[in-house]
$ cat data-v5.csv   # CSV, C-alpha atoms
chain,number,residue,atom,x,y,z
A,1,MET,CA,0.0,0.0,0.0
A,2,ARG,CA,1.1,3.6,-0.5
A,3,ILE,CA,2.3,5.7,2.4
A,4,VAL,CA,0.7,9.1,2.3
A,5,GLU,CA,1.4,12.1,4.4
A,6,ALA,CA,-2.1,13.3,5.2
A,7,ASP,CA,-4.6,13.3,8.1
A,8,LEU,CA,-8.0,11.9,7.7
A,9,ASP,CA,-9.7,15.0,8.9
A,10,SER,CA,-8.2,17.1,6.2
A,11,LEU,CA,-8.7,14.6,3.4
A,12,ALA,CA,-12.2,15.5,2.4
A,13,ALA,CA,-11.7,19.2,2.1
A,14,ARG,CA,-8.4,19.0,0.3
A,15,MET,CA,-8.8,16.0,-1.9
A,16,PRO,CA,-9.3,17.9,-5.2
A,17,SER,CA,-5.9,19.6,-5.0
A,18,GLY,CA,-4.0,16.5,-3.9
A,19,TRP,CA,-3.2,14.9,-0.6
A,20,ALA,CA,-2.6,17.4,2.1
A,21,ALA,CA,0.3,17.4,4.6
A,22,VAL,CA,-0.5,16.1,8.1
A,23,LYS,CA,-2.5,18.7,10.0
A,24,GLU,CA,-0.5,20.0,12.9
A,25,PRO,CA,2.2,17.4,12.4
A,26,GLU,CA,3.9,15.9,15.5
A,27,GLN,CA,7.6,15.9,15.3
A,28,PHE,CA,7.4,12.1,15.6
A,29,TRP,CA,11.1,11.3,15.5
A,30,GLY,CA,12.9,14.5,16.2
A,31,ASP,CA,16.7,14.4,16.7
A,32,LEU,CA,18.3,11.0,16.6
A,33,GLY,CA,21.1,12.2,18.8
A,34,THR,CA,20.6,9.9,21.7
A,35,HIS,CA,20.6,6.7,19.7
A,36,GLY,CA,23.3,8.0,17.4
A,37,ARG,CA,25.6,8.8,20.4
A,38,ARG,CA,25.2,5.2,21.7
A,39,LEU,CA,26.2,3.8,18.3
A,40,LEU,CA,29.0,6.3,17.9
A,41,LYS,CA,30.4,5.2,21.3
A,42,GLU,CA,30.3,1.5,20.2
A,43,LEU,CA,32.0,2.5,16.9
A,44,LEU,CA,34.7,4.4,18.7
A,45,GLU,CA,35.4,1.6,21.2
A,46,ALA,CA,35.5,-1.0,18.4
A,47,THR,CA,37.8,1.2,16.2
A,48,MET,CA,40.2,1.8,19.1
A,49,GLU,CA,40.3,-2.0,19.8
A,50,LEU,CA,41.2,-2.6,16.1
A,51,TRP,CA,43.9,0.0,16.3
A,52,ARG,CA,45.5,-1.5,19.4
A,53,ASP,CA,45.5,-4.9,17.7
A,54,GLU,CA,47.4,-3.5,14.8
A,55,TRP,CA,49.7,-1.5,17.2
A,56,VAL,CA,50.6,-4.6,19.2
A,57,GLN,CA,50.9,-6.8,16.1
A,58,VAL,CA,50.3,-9.9,18.2
A,59,ALA,CA,47.0,-11.7,18.6
A,60,TRP,CA,45.3,-12.1,22.0
A,61,HIS,CA,46.7,-14.9,24.2
A,62,ARG,CA,49.5,-15.7,21.7
A,63,PRO,CA,53.1,-15.8,22.8
A,64,ALA,CA,55.7,-13.8,20.8
A,65,THR,CA,59.4,-13.8,21.1
A,66,ARG,CA,59.7,-10.2,20.0
A,67,ARG,CA,57.2,-7.6,21.2
A,68,THR,CA,57.3,-3.8,21.0
A,69,THR,CA,54.5,-3.4,23.5
A,70,HIS,CA,51.8,-5.3,25.6
A,71,ARG,CA,48.1,-4.8,26.1
A,72,ASN,CA,47.3,-3.2,29.4
A,73,GLY,CA,43.5,-3.3,29.9
A,74,TYR,CA,41.3,-0.2,29.6
A,75,TYR,CA,40.4,3.0,31.3
A,76,GLY,CA,37.2,5.0,31.2
A,77,ARG,CA,37.1,8.5,29.6
A,78,ALA,CA,34.3,10.3,31.4
A,79,ARG,CA,33.5,12.9,28.7
A,80,TRP,CA,34.3,12.8,25.0
A,81,PRO,CA,32.9,15.7,22.8
A,82,THR,CA,31.8,14.6,19.4
A,83,ALA,CA,29.7,15.9,16.5
A,84,LEU,CA,26.6,14.2,18.0
A,85,GLY,CA,27.2,15.5,21.5
A,86,THR,CA,29.2,14.4,24.5
A,87,LEU,CA,29.9,10.7,24.9
A,88,ARG,CA,30.2,9.4,28.5
A,89,ASP,CA,32.4,6.7,30.0
A,90,VAL,CA,34.1,5.6,26.8
A,91,ARG,CA,36.2,2.5,27.2
A,92,VAL,CA,39.7,3.3,25.9
A,93,PRO,CA,42.2,0.5,25.4
A,94,ARG,CA,45.7,0.9,26.8
A,95,CYS,CA,49.2,-0.5,26.3
A,96,ARG,CA,52.1,-0.6,28.7
A,97,GLU,CA,54.4,1.4,26.6
A,98,ALA,CA,53.6,5.0,25.6
A,99,GLY,CA,52.6,6.1,22.2
A,100,LEU,CA,49.3,4.4,21.4
A,101,THR,CA,46.9,6.8,23.2
A,102,ALA,CA,48.4,10.0,21.9
A,103,ARG,CA,48.4,8.8,18.3
A,104,MET,CA,44.9,7.4,18.6
A,105,PHE,CA,43.4,10.5,20.0
A,106,SER,CA,45.1,12.7,17.4
A,107,ARG,CA,43.6,10.6,14.6
A,108,LEU,CA,40.1,10.4,16.1
A,109,GLU,CA,40.1,14.2,16.7
A,110,ASP,CA,41.0,14.8,13.1
A,111,HIS,CA,38.0,12.8,11.9
A,112,ARG,CA,35.5,13.4,14.7
A,113,GLN,CA,33.0,15.0,12.4
A,114,ALA,CA,33.3,12.2,9.8
A,115,LEU,CA,32.7,9.7,12.6
A,116,GLY,CA,29.5,11.4,13.7
A,117,GLN,CA,28.1,11.5,10.2
A,118,SER,CA,29.1,7.9,9.6
A,119,VAL,CA,27.1,6.7,12.6
A,120,VAL,CA,24.0,8.5,11.3
A,121,ASP,CA,24.6,6.9,7.9
A,122,MET,CA,24.9,3.5,9.6
A,123,LEU,CA,21.6,4.0,11.4
A,124,LEU,CA,19.6,5.4,8.5
A,125,ALA,CA,21.1,3.7,5.4
A,126,GLY,CA,22.3,0.4,6.7
A,127,VAL,CA,26.0,-0.3,7.3
A,128,SER,CA,28.0,0.0,4.1
A,129,THR,CA,31.3,-1.9,4.3
A,130,ARG,CA,32.8,0.4,1.7
A,131,ARG,CA,31.8,3.7,3.4
A,132,VAL,CA,32.6,2.6,6.9
A,133,GLY,CA,35.7,0.8,5.8
A,134,GLN,CA,37.0,4.0,4.1
A,135,LEU,CA,36.3,6.0,7.3
A,136,LEU,CA,38.2,3.5,9.5
A,137,GLU,CA,41.2,3.5,7.1
A,138,ARG,CA,41.4,7.2,7.4
A,139,ILE,CA,41.4,7.0,11.2
A,140,ILE,CA,43.8,4.2,11.8
A,141,ASP,CA,45.9,4.7,8.6
A,142,LEU,CA,45.7,0.9,8.0
A,143,PRO,CA,43.7,-1.3,5.6
A,144,VAL,CA,40.3,-2.4,7.0
A,145,SER,CA,38.7,-5.5,5.7
A,146,ALA,CA,35.0,-6.0,5.1
A,147,GLY,CA,35.1,-8.6,7.8
A,148,GLN,CA,36.2,-6.1,10.4
A,149,VAL,CA,33.5,-3.7,9.4
A,150,SER,CA,31.0,-6.6,9.6
A,151,LYS,CA,31.9,-7.1,13.2
A,152,LEU,CA,30.7,-3.5,13.9
A,153,ALA,CA,27.5,-4.1,12.0
A,154,LYS,CA,26.8,-7.3,14.0
A,155,ARG,CA,26.5,-5.2,17.2
A,156,LEU,CA,23.4,-3.6,15.8
A,157,ASP,CA,22.2,-6.9,14.2
A,158,GLY,CA,22.2,-8.5,17.7
A,159,GLU,CA,20.0,-5.8,19.0
A,160,VAL,CA,17.6,-6.3,16.1
A,161,ARG,CA,17.4,-10.1,16.9
A,162,ALA,CA,16.8,-9.4,20.6
A,163,PHE,CA,14.0,-6.9,19.7
A,164,HIS,CA,12.2,-9.5,17.5
A,165,THR,CA,12.4,-12.2,20.2
A,166,ARG,CA,11.8,-10.4,23.5
A,167,PRO,CA,8.8,-11.4,25.6
A,168,LEU,CA,5.7,-9.2,25.3
A,169,ALA,CA,3.4,-8.2,28.1
A,170,ASP,CA,-0.3,-8.6,27.4
A,171,GLN,CA,-1.0,-5.0,28.1
A,172,PHE,CA,-2.3,-3.6,24.8
A,173,VAL,CA,-5.8,-2.2,24.5
A,174,TYR,CA,-5.6,-1.1,20.9
A,175,LEU,CA,-3.6,-2.7,18.0
A,176,ILE,CA,-3.0,-1.1,14.6
A,177,LEU,CA,-1.6,-3.1,11.7
A,178,ASP,CA,-0.2,-1.8,8.5
A,179,ALA,CA,2.7,-2.3,6.1
A,180,ILE,CA,5.1,-0.2,4.1
A,181,HIS,CA,7.0,-1.0,1.0
A,182,LEU,CA,10.8,-0.5,0.5
A,183,LYS,CA,13.2,-1.4,-2.3
A,184,ALA,CA,16.1,-3.8,-1.9
A,185,ARG,CA,18.6,-5.2,-4.4
A,186,GLY,CA,17.7,-8.5,-5.9
A,187,THR,CA,19.6,-11.3,-7.6
A,188,PRO,CA,21.4,-10.6,-10.9
A,189,ARG,CA,19.4,-11.2,-14.1
A,190,LEU,CA,20.6,-14.4,-15.6
A,191,PHE,CA,22.1,-14.3,-19.1
A,192,GLN,CA,21.7,-10.5,-19.3
A,193,THR,CA,23.8,-7.6,-18.1
A,194,GLY,CA,24.7,-9.0,-14.7
A,195,LEU,CA,23.0,-6.0,-13.1
A,196,ARG,CA,20.9,-6.6,-10.0
A,197,ARG,CA,17.2,-6.3,-10.1
A,198,THR,CA,15.3,-4.2,-7.6
A,199,ARG,CA,12.8,-6.1,-5.6
A,200,LYS,CA,10.2,-4.8,-3.3
A,201,ARG,CA,10.2,-5.8,0.4
A,202,VAL,CA,7.2,-5.3,2.6
A,203,VAL,CA,7.6,-4.3,6.3
A,204,LEU,CA,4.7,-5.6,8.4
A,205,VAL,CA,4.2,-3.3,11.4
A,206,ALA,CA,2.3,-3.8,14.7
A,207,TYR,CA,1.6,-0.4,16.5
A,208,SER,CA,-0.2,-0.3,19.8
A,209,ILE,CA,-1.5,1.7,22.7
A,210,THR,CA,-1.2,0.2,26.1
A,211,VAL,CA,-3.8,0.1,28.9
A,212,ASP,CA,-1.8,3.0,30.4
A,213,GLY,CA,-2.0,5.1,27.2
A,214,ILE,CA,1.6,4.6,26.0
A,215,LYS,CA,2.1,4.4,22.3
A,216,GLN,CA,4.5,1.7,21.2
A,217,ILE,CA,5.6,-0.1,18.1
A,218,ILE,CA,5.5,-3.7,19.2
A,219,ASP,CA,7.4,-5.3,16.3
A,220,PHE,CA,8.0,-5.3,12.6
A,221,ARG,CA,8.8,-8.1,10.1
A,222,LEU,CA,10.1,-8.3,6.5
A,223,ALA,CA,8.0,-10.2,4.1
A,224,ASN,CA,7.7,-10.7,0.3
A,225,GLY,CA,4.1,-9.4,0.3
A,226,GLU,CA,1.0,-8.7,2.3
A,227,THR,CA,-0.2,-12.2,2.1
A,228,ARG,CA,-2.3,-14.2,4.4
A,229,ALA,CA,0.6,-16.5,5.3
A,230,ALA,CA,2.9,-13.5,6.1
A,231,TRP,CA,0.4,-11.8,8.4
A,232,GLU,CA,-0.6,-15.1,10.1
A,233,LYS,CA,3.1,-15.9,10.8
A,234,PHE,CA,3.7,-12.4,12.1
A,235,LEU,CA,0.7,-12.3,14.4
A,236,ALA,CA,1.2,-15.9,15.6
A,237,ASN,CA,4.7,-14.9,16.7
A,238,LEU,CA,3.3,-11.9,18.7
A,239,TYR,CA,0.8,-14.3,20.3
A,240,ARG,CA,3.4,-16.8,21.3
A,241,ARG,CA,5.6,-14.2,22.8
A,242,GLY,CA,2.8,-13.0,25.1
A,243,LEU,CA,0.4,-10.8,23.2
A,244,GLN,CA,-2.7,-13.0,23.7
A,245,GLY,CA,-5.2,-10.1,23.5
A,246,ARG,CA,-6.9,-10.3,26.9
A,247,GLU,CA,-6.9,-6.5,27.1
A,248,LEU,CA,-7.5,-5.8,23.4
A,249,ARG,CA,-10.6,-3.9,22.6
A,250,LEU,CA,-10.1,-3.0,18.9
A,251,ILE,CA,-7.7,-4.0,16.0
A,252,THR,CA,-7.5,-1.5,13.2
A,253,SER,CA,-6.3,-2.4,9.7
A,254,ASP,CA,-6.9,-1.6,6.0
A,255,GLY,CA,-9.1,-3.9,3.9
A,256,GLY,CA,-6.4,-6.2,2.6
A,257,GLY,CA,-7.4,-9.8,2.6
A,258,GLY,CA,-4.1,-11.0,4.1
A,259,VAL,CA,-4.2,-8.9,7.2
A,260,ILE,CA,-7.9,-9.5,7.8
A,261,ALA,CA,-7.4,-13.3,7.6
A,262,GLY,CA,-4.4,-13.0,9.9
A,263,VAL,CA,-6.3,-11.1,12.5
A,264,GLU,CA,-9.2,-13.6,12.4
A,265,GLU,CA,-6.8,-16.5,12.9
A,266,ALA,CA,-4.9,-14.9,15.8
A,267,TYR,CA,-7.5,-12.7,17.6
A,268,PRO,CA,-11.0,-13.9,16.5
A,269,HIS,CA,-12.5,-12.5,19.7
A,270,VAL,CA,-11.4,-8.9,19.1
A,271,ALA,CA,-13.5,-6.3,17.2
A,272,ARG,CA,-12.0,-5.1,13.9
A,273,GLN,CA,-12.0,-1.6,12.7
A,274,ARG,CA,-11.7,-0.9,9.0
A,275,CYS,CA,-9.4,2.1,8.4
A,276,TRP,CA,-11.4,5.1,7.3
A,277,PHE,CA,-8.5,6.7,5.5
A,278,HIS,CA,-8.0,3.7,3.2
A,279,LYS,CA,-11.8,3.4,2.7
A,280,MET,CA,-12.0,7.1,1.6
A,281,GLN,CA,-9.2,6.4,-0.8
A,282,ASN,CA,-11.2,3.6,-2.3
A,283,VAL,CA,-14.3,5.8,-2.5
A,284,ALA,CA,-12.3,8.7,-4.1
A,285,ALA,CA,-11.2,6.3,-6.9
A,286,GLN,CA,-14.8,5.9,-7.9
A,287,LEU,CA,-15.5,9.7,-8.2
A,288,ARG,CA,-15.3,12.4,-10.8
A,289,LYS,CA,-12.9,15.1,-9.7
A,290,LYS,CA,-15.5,17.8,-9.6
A,291,ASP,CA,-17.6,15.8,-7.0
A,292,GLN,CA,-14.8,14.5,-4.8
A,293,ALA,CA,-14.8,17.3,-2.2
A,294,GLU,CA,-18.6,17.2,-1.6
A,295,VAL,CA,-18.8,13.4,-1.6
A,296,LEU,CA,-15.9,12.9,0.9
A,297,GLU,CA,-17.2,15.8,3.1
A,298,GLY,CA,-20.4,13.8,3.5
A,299,LEU,CA,-18.5,10.7,4.6
A,300,ARG,CA,-16.6,12.8,7.1
A,301,ALA,CA,-19.9,13.5,8.9
A,302,VAL,CA,-20.2,9.7,9.3
A,303,TYR,CA,-17.0,9.0,11.2
A,304,ALA,CA,-17.1,12.4,13.0
A,305,ALA,CA,-20.5,11.7,14.5
A,306,ALA,CA,-20.9,11.8,18.2
A,307,THR,CA,-22.6,8.4,18.5
A,308,ARG,CA,-23.2,5.3,16.5
A,309,ARG,CA,-26.8,6.1,15.9
A,310,ALA,CA,-25.9,9.6,14.6
A,311,ALA,CA,-23.3,8.0,12.4
A,312,VAL,CA,-25.8,5.5,10.9
A,313,ARG,CA,-28.2,8.4,10.2
A,314,ALA,CA,-25.4,10.4,8.5
A,315,TYR,CA,-24.5,7.4,6.4
A,316,HIS,CA,-28.0,6.8,5.1
A,317,THR,CA,-28.3,10.5,4.3
A,318,TRP,CA,-25.1,10.3,2.4
A,319,ALA,CA,-26.0,7.1,0.6
A,320,ARG,CA,-29.4,8.5,-0.6
A,321,ARG,CA,-27.7,11.6,-1.9
A,322,TRP,CA,-25.1,9.8,-4.0
A,323,HIS,CA,-26.5,6.3,-4.8
A,324,ALA,CA,-27.8,7.4,-8.2
A,325,GLY,CA,-24.6,9.0,-9.4
A,326,TYR,CA,-22.0,6.8,-7.8
A,327,PRO,CA,-23.5,3.4,-6.9
A,328,ALA,CA,-20.1,1.7,-6.8
A,329,ALA,CA,-18.9,4.2,-4.2
A,330,VAL,CA,-21.9,3.8,-2.0
A,331,GLN,CA,-21.6,0.0,-2.2
A,332,CYS,CA,-17.9,0.3,-1.3
A,333,VAL,CA,-18.9,1.8,2.0
A,334,ASP,CA,-22.0,-0.2,2.6
A,335,ARG,CA,-20.4,-3.6,2.5
A,336,ASP,CA,-17.9,-2.7,5.3
A,337,LEU,CA,-20.2,-0.4,7.3
A,338,GLU,CA,-20.2,-2.5,10.4
A,339,GLU,CA,-16.4,-2.6,10.6
A,340,LEU,CA,-16.2,1.1,9.8
A,341,LEU,CA,-18.5,1.9,12.8
A,342,ALA,CA,-16.7,-0.5,15.2
A,343,VAL,CA,-14.8,2.5,16.6
A,344,PHE,CA,-18.0,3.8,18.2
A,345,ASP,CA,-17.7,1.0,20.8
A,346,VAL,CA,-14.7,2.6,22.4
A,347,PRO,CA,-14.6,5.9,24.4
A,348,SER,CA,-15.2,8.9,22.3
A,349,GLU,CA,-11.8,10.4,23.4
A,350,HIS,CA,-10.0,7.4,21.9
A,351,ARG,CA,-11.8,7.2,18.5
A,352,ARG,CA,-9.5,9.5,16.5
A,353,MET,CA,-6.5,7.5,17.5
A,354,VAL,CA,-7.9,4.2,16.2
A,355,ARG,CA,-10.2,4.9,13.4
A,356,THR,CA,-7.3,4.9,10.9
A,357,THR,CA,-3.8,3.4,10.5
A,358,ASN,CA,-2.4,6.9,10.2
A,359,GLY,CA,-0.3,6.4,13.4
A,360,ILE,CA,1.9,3.9,11.5
A,361,GLU,CA,1.9,5.9,8.3
A,362,ARG,CA,3.1,9.0,10.1
A,363,CYS,CA,5.9,7.1,11.7
A,364,PHE,CA,7.2,5.6,8.5
A,365,ARG,CA,6.9,8.8,6.6
A,366,GLU,CA,10.2,9.6,8.2
A,367,VAL,CA,11.7,6.3,7.0
A,368,ARG,CA,10.7,7.2,3.4
A,369,ARG,CA,12.0,10.7,3.6
A,370,ARG,CA,15.4,9.7,4.9
A,371,THR,CA,15.8,6.7,2.5
A,372,ARG,CA,14.6,8.5,-0.6
A,373,SER,CA,18.2,9.4,-1.5
A,374,ILE,CA,19.4,5.8,-1.0
A,375,GLY,CA,17.2,4.4,-3.8
A,376,THR,CA,17.5,0.8,-2.8
A,377,PHE,CA,18.8,-1.0,0.3
A,378,VAL,CA,21.9,-3.2,0.0
A,379,ASN,CA,20.1,-6.2,1.6
A,380,ASP,CA,17.4,-7.2,4.1
A,381,ALA,CA,19.8,-6.6,7.0
A,382,SER,CA,20.2,-3.0,6.1
A,383,ILE,CA,16.4,-2.6,6.0
A,384,GLU,CA,16.2,-4.2,9.4
A,385,ARG,CA,18.8,-1.8,10.8
A,386,ILE,CA,17.1,1.4,9.7
A,387,VAL,CA,13.6,0.3,10.7
A,388,TYR,CA,14.9,-0.9,14.1
A,389,GLY,CA,16.8,2.3,14.7
A,390,LEU,CA,13.8,4.4,14.2
A,391,VAL,CA,11.5,2.1,16.1
A,392,ALA,CA,13.9,2.0,19.0
A,393,TYR,CA,14.1,5.8,19.0
A,394,HIS,CA,10.3,6.1,18.9
A,395,ASN,CA,9.7,3.6,21.7
A,396,ALA,CA,12.3,5.2,23.9
A,397,LYS,CA,10.9,8.7,23.3
A,398,TYR,CA,7.3,7.8,24.1
A,399,ALA,CA,8.0,5.3,26.9
A,400,THR,CA,6.8,7.6,29.6
A,401,ARG,CA,4.4,9.8,27.7
A,402,ILE,CA,0.7,9.1,28.3
A,403,CYS,CA,-1.2,10.2,25.2
A,404,ARG,CA,-3.5,13.1,25.7
A,405,GLU,CA,-6.6,11.1,24.7
A,406,PHE,CA,-6.1,8.9,27.8
A,407,ARG,CA,-5.5,11.9,30.0
A,408,LYS,CA,-8.7,13.5,28.8
A,409,LEU,CA,-10.6,10.4,29.7
A,410,GLU,CA,-9.0,10.4,33.2
A,411,ARG,CA,-10.1,14.0,33.7
A,412,VAL,CA,-13.7,13.2,32.7
A,413,ALA,CA,-13.7,10.2,35.0

$ encode --input "data-v5.csv" --output "structure tokens"
Amino acid sequence: MRIVEADLDSLAARMPSGWAAVKEPEQFWGDLGTHGRRLLKELLEATMELWRDEWVQVAWHRPATRRTTHRNGYYGRARWPTALGTLRDVRVPRCREAGLTARMFSRLEDHRQALGQSVVDMLLAGVSTRRVGQLLERIIDLPVSAGQVSKLAKRLDGEVRAFHTRPLADQFVYLILDAIHLKARGTPRLFQTGLRRTRKRVVLVAYSITVDGIKQIIDFRLANGETRAAWEKFLANLYRRGLQGRELRLITSDGGGGVIAGVEEAYPHVARQRCWFHKMQNVAAQLRKKDQAEVLEGLRAVYAAATRRAAVRAYHTWARRWHAGYPAAVQCVDRDLEELLAVFDVPSEHRRMVRTTNGIERCFREVRRRTRSIGTFVNDASIERIVYGLVAYHNAKYATRICREFRKLERVA
């Protein structure tokens, strides 16, 4: 499905002139400094370890008849200014004989800005052995192999694996499911130019709101498509890890057959909400341009109604008005009306959050913006790294922020 940067409330009024920007957009990701500094610290420590190995010229725990120096543990540098901010408690390797520390700091200081930018590149574009290798060669003035750079990448890969396998608390009251599409390099075309094809990779995403009102991206998975098998496997994994849905009140998704089948298999007892944004896209495709604004404004009165009864009345008014001119558009809404109105079974303060999948789409708008210049990802691992980096930043940023819709309900109570 296509990621769009629009809010449902502004869609009806602005449809004729194209999709609008998000109304009062939340700075969803903000600065990546905190996560970037952590990765920069790991890169610095690993780089200095490589440098010491080359300086000593003797492998760990190997005897040598001729040595110029010996490893001598580590010391902690409390503060280290960088392009991304101050790093704290950096582990610096030492040798018994003098010389290593002074040369190492001189080289690192010369390339401090390049190191900071490299960490951002690693986070947002996947680790490139060529780019990071060139950087390390400038720092340590020695050749750096792809294998050495891969060791640095594996630090982040380990975090990704841990994120995908961590236990889940059954504490989610709303679940929103959607997918985004990214490009990755494929296998070479046989018997042709030898150039690699571009293949599309789908990222399935589970976004949630906890019983305490905390927004959280539970998990994501790469898949070849939005098939029933892919969604069933993804949701079954969430269920096995602890998300059994005892607190779930509503699951929101688009109208794709794969995700609907997956939800029915994993959480058949939970009410399903059809995404109003995707439904209005479907309706808009049936309309002549001159009528789009008026038709969609009439639909807005349905989902914006105060009660289910008022929403049903608004729908029948809308359907009578447009049935003669656009029977296919009316039928498109009518066949999914019950699922479109499921949102009226939750508190009115919560409805705007869960009547669309826009929460996910706003999140991954930043992924698309930052990866537009990349074109295609090197491989699946690079996709995993960038998505995990942004997901981890989001979850950390909102870990203690109770969303205002929950606070409103508490004040009413």

$ atom_distance --input "data-v5.csv" --atom1 "CA of Trp51 (chain A)" --atom2 "CA of Arg385 (chain A)"
25.8 Å

$ closest_residue --input "data-v5.csv" --among "A:Val203, A:Ala304, A:Val330, A:Ala169" --to "Arg246 (chain A)" --atoms "all atoms listed in the file"
A:Ala169

$ atom_distance --input "data-v5.csv" --atom1 "CA of Phe220 (chain A)" --atom2 "CA of Arg274 (chain A)"
20.5 Å

$ atom_distance --input "data-v5.csv" --atom1 "CA of Cys403 (chain A)" --atom2 "CA of Ile214 (chain A)"
6.3 Å

$ residues_around --input "data-v5.csv" --residues "region 56-67 of chain A" --least-positions-apart "3" --cutoff "12 Å" --atoms "all atoms listed in the file" --output "number ranges by chain"
A: 49-53, 70-73, 93-100

$ residues_around --input "data-v5.csv" --residues "Leu341 (chain A)" --least-positions-apart "4" --cutoff "8 Å" --atoms "all atoms listed in the file" --output "list in words"
Gln273, Tyr303, Arg308, Ala311 and Leu337 of chain A

$ residues_around --input "data-v5.csv" --residues "Lys279 (chain A)" --least-positions-apart "5" --cutoff "12 Å" --atoms "all atoms listed in the file" --output "PDB file with C-alpha atoms, keeping the file's coordinate frame"
ATOM      1  CA  LEU A   8      -8.000  11.900   7.700  1.00  0.00           C
ATOM      2  CA  LEU A  11      -8.700  14.600   3.400  1.00  0.00           C
ATOM      3  CA  SER A 253      -6.300  -2.400   9.700  1.00  0.00           C
ATOM      4  CA  ASP A 254      -6.900  -1.600   6.000  1.00  0.00           C
ATOM      5  CA  GLY A 255      -9.100  -3.900   3.900  1.00  0.00           C
ATOM      6  CA  GLY A 256      -6.400  -6.200   2.600  1.00  0.00           C
ATOM      7  CA  GLN A 273     -12.000  -1.600  12.700  1.00  0.00           C
ATOM      8  CA  ARG A 274     -11.700  -0.900   9.000  1.00  0.00           C
ATOM      9  CA  ALA A 284     -12.300   8.700  -4.100  1.00  0.00           C
ATOM     10  CA  ALA A 285     -11.200   6.300  -6.900  1.00  0.00           C
ATOM     11  CA  GLN A 286     -14.800   5.900  -7.900  1.00  0.00           C
ATOM     12  CA  LEU A 296     -15.900  12.900   0.900  1.00  0.00           C
ATOM     13  CA  LEU A 299     -18.500  10.700   4.600  1.00  0.00           C
ATOM     14  CA  ARG A 300     -16.600  12.800   7.100  1.00  0.00           C
ATOM     15  CA  TYR A 303     -17.000   9.000  11.200  1.00  0.00           C
ATOM     16  CA  ALA A 329     -18.900   4.200  -4.200  1.00  0.00           C
ATOM     17  CA  VAL A 330     -21.900   3.800  -2.000  1.00  0.00           C
ATOM     18  CA  GLN A 331     -21.600   0.000  -2.200  1.00  0.00           C
ATOM     19  CA  CYS A 332     -17.900   0.300  -1.300  1.00  0.00           C
ATOM     20  CA  VAL A 333     -18.900   1.800   2.000  1.00  0.00           C
ATOM     21  CA  ASP A 334     -22.000  -0.200   2.600  1.00  0.00           C
ATOM     22  CA  ARG A 335     -20.400  -3.600   2.500  1.00  0.00           C
ATOM     23  CA  ASP A 336     -17.900  -2.700   5.300  1.00  0.00           C
ATOM     24  CA  LEU A 337     -20.200  -0.400   7.300  1.00  0.00           C
ATOM     25  CA  GLU A 339     -16.400  -2.600  10.600  1.00  0.00           C
ATOM     26  CA  LEU A 340     -16.200   1.100   9.800  1.00  0.00           C
ATOM     27  CA  ARG A 355     -10.200   4.900  13.400  1.00  0.00           C
ATOM     28  CA  THR A 356      -7.300   4.900  10.900  1.00  0.00           C
ATOM     29  CA  THR A 357      -3.800   3.400  10.500  1.00  0.00           C
TER      30      THR A 357
END

$ closest_residue --input "data-v5.csv" --among "A:Cys275, A:Leu243, A:Ala392, A:Leu235" --to "Leu168 (chain A)" --atoms "all atoms listed in the file"
A:Leu243

$ closest_residue --input "data-v5.csv" --among "A:Met48, A:Ile176, A:Ile209, A:Ala78" --to "Arg401 (chain A)" --atoms "all atoms listed in the file"
A:Ile209

$ closest_residue --input "data-v5.csv" --among "A:Ala301, A:Val354, A:Val387, A:Ala223" --to "Ala314 (chain A)" --atoms "all atoms listed in the file"
A:Ala301

$ closest_residue --input "data-v5.csv" --among "A:Lys397, A:Arg407, A:Arg166, A:Arg221" --to "Asp380 (chain A)" --atoms "only C-alpha atoms"
A:Arg221

$ closest_residue --input "data-v5.csv" --among "A:Ala306, A:Ala266, A:Ala162, A:Leu222" --to "Leu182 (chain A)" --atoms "only C-alpha atoms"
A:Leu222

$ decode --input "data-v5.csv" --residues "region 62-86 of chain A" --atoms "C-alpha atoms" --output "PDB file, in the first residue's frame"
ATOM      1  CA  ARG A  62      49.480 -15.662  21.692  1.00  0.00           C
ATOM      2  CA  PRO A  63      53.127 -15.826  22.831  1.00  0.00           C
ATOM      3  CA  ALA A  64      55.676 -13.847  20.838  1.00  0.00           C
ATOM      4  CA  THR A  65      59.439 -13.774  21.130  1.00  0.00           C
ATOM      5  CA  ARG A  66      59.663 -10.182  19.961  1.00  0.00           C
ATOM      6  CA  ARG A  67      57.217  -7.604  21.217  1.00  0.00           C
ATOM      7  CA  THR A  68      57.286  -3.850  20.999  1.00  0.00           C
ATOM      8  CA  THR A  69      54.469  -3.411  23.494  1.00  0.00           C
ATOM      9  CA  HIS A  70      51.841  -5.259  25.566  1.00  0.00           C
ATOM     10  CA  ARG A  71      48.105  -4.760  26.051  1.00  0.00           C
ATOM     11  CA  ASN A  72      47.286  -3.228  29.402  1.00  0.00           C
ATOM     12  CA  GLY A  73      43.504  -3.302  29.856  1.00  0.00           C
ATOM     13  CA  TYR A  74      41.289  -0.247  29.577  1.00  0.00           C
ATOM     14  CA  TYR A  75      40.438   3.001  31.273  1.00  0.00           C
ATOM     15  CA  GLY A  76      37.208   4.996  31.159  1.00  0.00           C
ATOM     16  CA  ARG A  77      37.132   8.458  29.599  1.00  0.00           C
ATOM     17  CA  ALA A  78      34.307  10.254  31.400  1.00  0.00           C
ATOM     18  CA  ARG A  79      33.530  12.867  28.717  1.00  0.00           C
ATOM     19  CA  TRP A  80      34.296  12.829  25.005  1.00  0.00           C
ATOM     20  CA  PRO A  81      32.898  15.679  22.841  1.00  0.00           C
ATOM     21  CA  THR A  82      31.755  14.598  19.370  1.00  0.00           C
ATOM     22  CA  ALA A  83      29.717  15.915  16.464  1.00  0.00           C
ATOM     23  CA  LEU A  84      26.647  14.229  17.959  1.00  0.00           C
ATOM     24  CA  GLY A  85      27.202  15.536  21.493  1.00  0.00           C
ATOM     25  CA  THR A  86      29.212  14.410  24.498  1.00  0.00           C
TER      26      THR A  86
END
